[in-house]
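J.: Questions regarding the structure given below will be posed in turn.
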Number of protein chains: 2
Amino acid sequence: MSAPAFPRSDVRILADDGDALHFCSTCAFSQACIAEGMHKHALLDLHVLVEHVGPLHAGEHIFREGDPFVAIAAVRAGTVKTYVIDPNGEEQVLGFHFPGEVIGLSAIDGDRFPCSAVALDTVMLCRFSFQKMALLATRVPGLQRQLFRLLSRDIGRATLLAGDWAADQRMAAFLLAMSRRLSERGFSAVRFQLTMARTDIANYLRLAPETVSRVLRRFQDDGLLVIERREVEIVDQPRLNALAGPVLRD
Amino acid sequence: MSAPAFPRSDVRILADDGDALHFCSTCAFSQACIAEGMHKHALLDLHVLVEHVGPLHAGEHIFREGDPFVAIAAVRAGTVKTYVIDPNGEEQVLGFHFPGEVIGLSAIDGDRFPCSAVALDTVMLCRFSFQKMALLATRVPGLQRQLFRLLSRDIGRATLLAGDWAADQRMAAFLLAMSRRLSERGFSAVRFQLTMARTDIANYLRLAPETVSRVLRRFQDDGLLVIERREVEIVDQPRLNALAGPVLRD
DNA sequence: GCTTCCCTTTGACGCAGATCAAGACGCGCC
DNA sequence: GGCGCGTCTTGATCTGCGTCAAAGGGAAGC
């Protein structure tokens, strides 16, 4: 399966004096601004520049724990992993971020990034100053609302894996959440690539890599999905839903 | 130990035409507004009214899962527990909230509360419309910053317990986090009441109540703390710190 | 005072999943 | 092709914590 083309027609706004403002359609922000009717003068005043970064290649870092917090990034293409290194030198995977999602929000409180972010494959980003974005938000109420929503959503999402779920419930929830998030952005909901290694999935789900392997094997034997290397096809979504239900709360 | 008196001198702003705006000093918001020099006209225009609610008694609900999201609340006194009921009818404790802390932020994204909040003892609250607060924030940049920080902080906090820590690490982290949060508000850091039941602690830490009991017993036997009923005294903070270190990340 | 109820503690046992160990597979390189 | 290496799988064993069961307080009510 080659990576499906993914919608990323950028929005480019030419202000009155020719200075250009770039928003890419995958950042949730542009939608908010357009909905507000684009107060061009306000935008120009603020010199908000959304910088397009990339391509980054697998293993390259977007930011590292302790870096001064200057900018927030939105993923345009590829997969980003966020993680911390605990005092024993163990990596702890905090999350995976797909196109259209924003990373670095937990850095707003405090002046340094509390985690590191690394590209898992070829990644394209939008990067922008949060300060300037916030200033813009004071003039564009819809943008402020969007920012509040993004932050609020992350609080809920972080709570998701905190429950004491069994290994197969966690795995089902992980796969379905990934399916949903990808399909929201125009990818297939039933067939997709696990862009991260088994060890990363295990670490994220707080399981041993061996357990991840065994659970996936069992899912396949039970006809819930077909998996070959890193390619997944969801076969029996209803039963996966039933497993993941209590975790995803629906 | 009787509950120590806790600073809650309210800030009351009388606007030009006599309409009154109330902020209590325990909400982080008033500080932001004062720092900005209080644009009284802006405030008055917006009719932001911070409503003082309470006292609520143990067992009374502040809001319930599914309630329409209209207002956010800040705890002025007492302890609030937030929780959800999962599809099997099991309660899941999401967190405990002490004076000065804000509850309900995860409801911003979506128009209904995603969890319930109940008083564990006698609780006093500030309640206010988030919409109006956000509108006010467009005029008072410091207030907007404060709101962003509050939200961002909660993202980080939710991540805290997501790790796969051992029972004693979780317990140590819970006790120290409680100690820190209470001392930030002027309470003793070494001697305080567990205002929640063992079952609530267990549920929150994703442990069995029996395990909570055993761990606390062992902590006492090892000279880390003294506990009698719900009153705790931290005796050996350095060793508790060492246990909790990886969890609290410091 | 006594009773009832709930919270808490303590002990015995079992299991899900971690850990340890060893292969299997895919892939890039020479 | 053959080699080396990292990722993944599979099997055997171990263990922390959950579960079950029962008994010991405190607090509230009569």
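Residues are named by chain letter and number: chains run A, B, ... in the order of the structure tokens, numbers start at 1 in each chain, and ligands are numbered from 1 in the order shown.
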Would you list the contacts of DT19 in chain C as a PDB file with N, CA and C atoms (P, O5', C5', C4', C3', O3' and C1' of nucleotides), in the first residue's frame, taking every protein, DNA or RNA residue within 12 Å and counting only C-alpha atoms (C1' of nucleotides), but skipping same-chain residues closer than 3 positions in sequence?
T.:
ATOM      1  N   ALA A 208       4.225  -5.126  27.601  1.00  0.00           N
ATOM      2  CA  ALA A 208       5.496  -5.627  27.091  1.00  0.00           C
ATOM      3  C   ALA A 208       5.334  -5.869  25.590  1.00  0.00           C
ATOM      4  N   PRO A 209       6.409  -5.668  24.828  1.00  0.00           N
ATOM      5  CA  PRO A 209       6.344  -5.910  23.384  1.00  0.00           C
ATOM      6  C   PRO A 209       5.828  -7.318  23.077  1.00  0.00           C
ATOM      7  N   GLU A 210       6.213  -8.279  23.870  1.00  0.00           N
ATOM      8  CA  GLU A 210       5.757  -9.651  23.662  1.00  0.00           C
ATOM      9  C   GLU A 210       4.238  -9.734  23.780  1.00  0.00           C
ATOM     10  N   THR A 211       3.696  -8.999  24.711  1.00  0.00           N
ATOM     11  CA  THR A 211       2.236  -9.016  24.880  1.00  0.00           C
ATOM     12  C   THR A 211       1.543  -8.419  23.656  1.00  0.00           C
TER      13      THR A 211
ATOM     14  P    DA D  12       6.507 -24.365  25.837  1.00  0.00           P
ATOM     15  O5'  DA D  12       7.381 -23.637  26.961  1.00  0.00           O
ATOM     16  C5'  DA D  12       8.793 -23.816  27.000  1.00  0.00           C
ATOM     17  C4'  DA D  12       9.340 -23.295  28.332  1.00  0.00           C
ATOM     18  C3'  DA D  12       8.607 -23.793  29.573  1.00  0.00           C
ATOM     19  O3'  DA D  12       9.559 -24.015  30.604  1.00  0.00           O
ATOM     20  C1'  DA D  12       8.455 -21.438  29.473  1.00  0.00           C
ATOM     21  P    DT D  13       9.070 -24.529  32.039  1.00  0.00           P
ATOM     22  O5'  DT D  13       9.157 -23.194  32.901  1.00  0.00           O
ATOM     23  C5'  DT D  13      10.410 -22.491  32.987  1.00  0.00           C
ATOM     24  C4'  DT D  13      10.195 -21.183  33.714  1.00  0.00           C
ATOM     25  C3'  DT D  13       9.570 -21.296  35.116  1.00  0.00           C
ATOM     26  O3'  DT D  13      10.483 -20.717  36.031  1.00  0.00           O
ATOM     27  C1'  DT D  13       8.582 -19.554  33.855  1.00  0.00           C
ATOM     28  P    DC D  14      10.171 -20.716  37.573  1.00  0.00           P
ATOM     29  O5'  DC D  14       9.892 -19.165  37.865  1.00  0.00           O
ATOM     30  C5'  DC D  14      10.695 -18.192  37.213  1.00  0.00           C
ATOM     31  C4'  DC D  14      10.149 -16.803  37.537  1.00  0.00           C
ATOM     32  C3'  DC D  14       9.699 -16.605  38.982  1.00  0.00           C
ATOM     33  O3'  DC D  14      10.126 -15.313  39.377  1.00  0.00           O
ATOM     34  C1'  DC D  14       7.907 -16.117  37.504  1.00  0.00           C
ATOM     35  P    DT D  15      10.112 -14.887  40.918  1.00  0.00           P
ATOM     36  O5'  DT D  15       8.974 -13.800  40.984  1.00  0.00           O
ATOM     37  C5'  DT D  15       9.018 -12.694  40.078  1.00  0.00           C
ATOM     38  C4'  DT D  15       7.760 -11.876  40.238  1.00  0.00           C
ATOM     39  C3'  DT D  15       7.222 -11.790  41.675  1.00  0.00           C
ATOM     40  O3'  DT D  15       6.714 -10.491  41.880  1.00  0.00           O
ATOM     41  C1'  DT D  15       5.553 -12.567  40.274  1.00  0.00           C
TER      42       DT D  15
END
J.: List every residue of chain B that has an atom at most 12 Å from any atom of chain C, and for each one report the closest atom pair and its distance in Å to one decimal, counting only C-alpha atoms (C1' of nucleotides), with rows sorted by chain and then by increasing residue number, as a tab-separated table.
T.:
residue	atom	partner	partner_atom	distance
B:Asp164	CA	C:DA18	C1'	11.6
B:Met196	CA	C:DC7	C1'	11.3
B:Ala197	CA	C:DC7	C1'	7.8
B:Arg198	CA	C:DT8	C1'	7.9
B:Thr199	CA	C:DC7	C1'	8.7
B:Asp200	CA	C:DC7	C1'	11.4
B:Pro209	CA	C:DT8	C1'	8.8
B:Glu210	CA	C:DT9	C1'	7.8
B:Thr211	CA	C:DT9	C1'	10.4
B:Val212	CA	C:DT8	C1'	10.2
B:Ser213	CA	C:DT9	C1'	6.9
B:Arg214	CA	C:DT9	C1'	8.2
B:Val215	CA	C:DT9	C1'	11.6
B:Leu216	CA	C:DT9	C1'	10.9
B:Arg217	CA	C:DT9	C1'	9.4
B:Glu228	CA	C:DT8	C1'	11.3
B:Arg229	CA	C:DT8	C1'	8.8
B:Arg230	CA	C:DT8	C1'	10.8
J.: So that I can see what lies close to Asp86 in chain B, please list as number ranges by chain the residues with an atom at most 6 Å from it, counting only C-alpha atoms (C1' of nucleotides) and leaving out residues fewer than 3 positions away in the same chain.
T.: A: 246; B: 89-90
J.: How would the residues just picked look written out with N, CA and C atoms as a PDB file, in the first residue's frame?
T.:
ATOM      1  N   PRO A 246     -15.485   0.275  26.541  1.00  0.00           N
ATOM      2  CA  PRO A 246     -15.289   0.896  27.853  1.00  0.00           C
ATOM      3  C   PRO A 246     -14.100   1.861  27.881  1.00  0.00           C
TER       4      PRO A 246
ATOM      5  N   GLY B  89     -20.916  -0.024  34.506  1.00  0.00           N
ATOM      6  CA  GLY B  89     -21.441   0.532  35.735  1.00  0.00           C
ATOM      7  C   GLY B  89     -20.381   0.769  36.796  1.00  0.00           C
ATOM      8  N   GLU B  90     -19.121   0.608  36.417  1.00  0.00           N
ATOM      9  CA  GLU B  90     -18.036   0.810  37.379  1.00  0.00           C
ATOM     10  C   GLU B  90     -17.634   2.283  37.432  1.00  0.00           C
TER      11      GLU B  90
END
J.: Please measure the separation of CA of Leu151 in chain A and CA of Leu151 in chain B, giving the value in Å to one decimal.
T.: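 CA of Leu151 in chain B lies 6.1 Å from CA of Leu151 in chain A.
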J.: For chain B, which residue among A:Gln193, A:Gln144, A:Ser106, A:Thr82 is the nearest when counting only C-alpha atoms?
T.: A:Ser106
J.: Pick out the closest residue to chain A from this set: D:DA28, D:DC3, D:DC17, D:DC8. Count only C-alpha atoms (C1' of nucleotides).
T.: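 Among D:DA28, D:DC3, D:DC17, D:DC8, it is D:DC8 that comes nearest to chain A.
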J.: Wanna dump the chain B-chain A contacts at 8 Å for me, each residue with its shortest atom pair and the distance in Å to one decimal, counting only C-alpha atoms, ordered by chain and number, as CSV?
T.:
residue,atom,partner,partner_atom,distance
B:Asp86,CA,A:Pro246,CA,5.9
B:Pro87,CA,A:Pro246,CA,5.8
B:Asn88,CA,A:Pro246,CA,7.7
B:Gln92,CA,A:Gly163,CA,7.7
B:Leu94,CA,A:Thr159,CA,7.7
B:Leu105,CA,A:Ser152,CA,6.3
B:Ser106,CA,A:Ser152,CA,4.8
B:Ala107,CA,A:Ser152,CA,7.0
B:Ile108,CA,A:Ser152,CA,5.9
B:Asp109,CA,A:Arg149,CA,4.6
B:Ala134,CA,A:Arg145,CA,7.9
B:Leu135,CA,A:Pro141,CA,7.5
B:Ala137,CA,A:Thr138,CA,7.2
B:Thr138,CA,A:Thr138,CA,4.1
B:Arg139,CA,A:Thr138,CA,6.7
B:Pro141,CA,A:Thr138,CA,7.2
B:Gln144,CA,A:Ala134,CA,8.0
B:Arg145,CA,A:Ala134,CA,7.9
B:Phe148,CA,A:Ile108,CA,7.0
B:Arg149,CA,A:Asp109,CA,4.6
B:Leu150,CA,A:Asp109,CA,7.3
B:Leu151,CA,A:Leu151,CA,6.1
B:Ser152,CA,A:Ser106,CA,4.8
B:Arg153,CA,A:Asp109,CA,5.8
B:Asp154,CA,A:Ile155,CA,6.3
B:Ile155,CA,A:Ile155,CA,4.6
B:Gly156,CA,A:Ser106,CA,5.9
B:Ala158,CA,A:Ala158,CA,5.7
B:Thr159,CA,A:Ala158,CA,5.7
B:Leu161,CA,A:Ala162,CA,6.4
B:Ala162,CA,A:Ala162,CA,4.5
B:Gly163,CA,A:Arg206,CA,6.8
B:Asp164,CA,A:Arg206,CA,5.7
B:Arg206,CA,A:Asp164,CA,5.7
B:Gly245,CA,A:Pro87,CA,7.6
B:Pro246,CA,A:Pro87,CA,5.7
B:Arg249,CA,A:Asp86,CA,6.9
J.: Taking a cut-off of 9 Å and counting only C-alpha atoms (C1' of nucleotides), can you build a table that, for each residue of chain D near chain A, reports the nearest atom pair and how far apart they are in Å (one decimal), sorted by chain then residue number, as a Markdown table?
T.:
| residue | atom | partner | partner_atom | distance |
| --- | --- | --- | --- | --- |
| D:DT7 | C1' | A:Ala197 | CA | 8.0 |
| D:DC8 | C1' | A:Ser213 | CA | 7.7 |
| D:DT9 | C1' | A:Ser213 | CA | 6.8 |
| D:DT10 | C1' | A:Arg214 | CA | 8.6 |
J.: Which residues come within 6 Å of range 167-180 of chain A, counting only C-alpha atoms (C1' of nucleotides), excluding same-chain residues fewer than 2 positions away, as a ChimeraX atom specification?
T.: /A:182-183,189,240,243-244
J.: Keeping only C-alpha atoms, write those residues as a compact mmCIF listing (two decimals), in the first residue's frame.
T.:
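Okay, part20.txt is ready:
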# COMPACT_ATOMS: atom_id res chain seq x y z
CA LEU A 182 -6.90 8.72 10.18
CA SER A 183 -10.32 8.48 8.56
CA ALA A 189 -10.53 3.56 8.27
CA LEU A 240 -13.28 -4.54 18.14
CA LEU A 243 -13.72 -4.66 23.20
CA ALA A 244 -12.67 -1.03 23.10
J.: Rounded to one decimal place, report the C1' of DG29 in chain D-CA of Glu91 in chain B distance in Å.
T.: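 Separation between C1' of DG29 in chain D and CA of Glu91 in chain B: 29.1 Å.
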